[in-house]
Amino acid sequence: MSLAVPEFEHACLDREGQPLALRATAVRKSYGGRVILDGVSLSVAAGESVAIIGENGAGKSTLMRICAGVVQPDAGAVTVSGRVGYCPQEPGLFDLLSADDHLAMFAPALGLSRAQAIERGRELLAEFAFPVHLRAQCRHLSGGSRQKLNLALALLGGADVLLLDEPYQGFDHGAYVSFWEHVEGWKGAGMGVVVVTHLLADSELVDRVVELRVAGSRLEAV
Amino acid sequence: MSLRRILVIAKLTGVELSRRRIALGLLTALPLAFYGSQVSRGSDAVITGGVAMAFSVAGASIFVALTARPVDARLILAGYRPSELLLGRLLLLELFGLLITGIFSAIMVFGSDPIHPWAVASGVALVALTSVPFGLAVGAVSPHELEGVLILIGVVGVQLTLYSTELAAKFLPFWGGQRLLDHSVNAVAAGAAVPANALYAAGLLALATYFMTRRAPAVGGTKRHPRELLRASRHAPV
């Protein structure tokens, strides 16, 4: 039996007629014979924030990677409206390059000049109180600062869907509060925001919480 | 494919590589040590030193490939093509290889007075040029730096123990360079050296490209219209 994949026009609206930013349908993924995700579906409307919670090993990060297009699912489909901004759990950074170097490296891929990328990137980093000199190599940054750069790179090109996998690990309290204020701003700008989290307190800060359960994970609204 | 993207990757790869000063120093010292240890024994030191150049250039290439691996997915997701990333690194590393070739060839020509000095430079250059795709391919298939370096030591070590006239040597990646170096000091025929190495280098580059593309995100780019991002290549009942 083949999987039914939604048509574009249907994929772009949710049941209440809101434009959809992201739609994952019946996603299945297994590694080495172990099923991680089994028929997981997720829809996120433009201007909506969704938290994904679940135990360790439930497949939250795998689902994020699949939604970002980094990993191919065994079955299912993912549809997005526009550009995806993906902030992985582990900051993928070059240890010997500075924040400015990273911004310059991402610039041509995002259609920005080096100057534009550095200006925009510095603004983003300043919003999260990036504390050290921008010429410092990443190996000299704290975990929280690396994560701030990770987040800034996800936001650099402008995104319509933000997939943030525990984006505030290592943040101090001020940066954590600032992060959630920014989520409100991103929602207001029409972005769909998905945040993977372990913190139950975060469930109060989003529009919707869904839980992934271990072993053949399926999403359930909480 | 964008020249600007290739050049940006080449430039920042160079910045990153230049900050590995100790590793680069050790890698460069290694072939010099091989050459220096044999220079008093005769002209074969040129062959040993020239082939050992692969440690420098392939080692640097392995480091570059493995360091970039965790970032490549995001770069491709942002809009880079895997081929742009590969070509940028290839460009920088080949230039690095040719720079070392010039210095190292001059040392060996003045130190050993070979029959054909031009063949020393050609042989070392061939080793260096092949070392880049070799290093990128090893970096693409190795899970960590340790495994990559062990593969490098194994392949170059075996090449060093064989004479270029032996059949087994012809199946190793640096045979062409080894043969030219042999020609420079012993005047053996070296007609097939360049085509053999070119073929090997092309094969290694194809291998590196294959693994990089295979690991790359399923999607990437800057499209802003609704689109199907991913669909499973095989569909299962749900």
# chains A, B, ... in the order shown; residues from 1 in each chain; ligands from 1

$ residues_around --residues "Ala104 (chain A)" --least-positions-apart "5" --cutoff "7 Å" --atoms "only C-alpha atoms" --output "list of chain:residue names"
A:Arg114, A:Ala117, A:Ile118

$ write_last_selection --atoms "C-alpha atoms" --output "PDB file, in the first residue's frame"
ATOM      1  CA  ARG A 114      29.890  39.021   3.314  1.00  0.00           C
ATOM      2  CA  ALA A 117      25.857  38.504   6.605  1.00  0.00           C
ATOM      3  CA  ILE A 118      28.268  39.862   9.196  1.00  0.00           C
TER       4      ILE A 118
END

$ interface_residues --of "chain A" --to "chain B" --cutoff "9 Å" --atoms "only C-alpha atoms" --output "PyMOL selection string"
chain A and resi 1-3+5+8-9+11-12+21+26-28+38-39+66-88+91-97+101-102+104-111+154+157+160

$ atom_distance --atom1 "CA of Val120 (chain B)" --atom2 "CA of Ala192 (chain B)"
16.0 Å

$ atom_distance --atom1 "CA of Leu155 (chain A)" --atom2 "CA of Phe211 (chain B)"
28.4 Å

$ residues_around --residues "Met108 (chain B)" --least-positions-apart "4" --cutoff "7 Å" --atoms "only C-alpha atoms" --output "list in words"
Val46, Phe104 and Ser112 of chain B

$ write_last_selection --atoms "N, CA and C atoms" --output "short mmCIF file (atom, residue, chain, number, x, y, z; two decimals), in the first residue's frame"
data_model
loop_
_atom_site.label_atom_id
_atom_site.label_comp_id
_atom_site.auth_asym_id
_atom_site.auth_seq_id
_atom_site.Cartn_x
_atom_site.Cartn_y
_atom_site.Cartn_z
N VAL B 46 65.38 10.22 -2.49
CA VAL B 46 64.45 11.08 -3.24
C VAL B 46 63.09 10.39 -3.38
N PHE B 104 59.91 21.42 -1.18
CA PHE B 104 60.48 20.10 -0.94
C PHE B 104 61.31 19.61 -2.14
N SER B 112 70.38 15.91 -3.40
CA SER B 112 70.68 14.58 -3.96
C SER B 112 71.19 14.61 -5.40
#
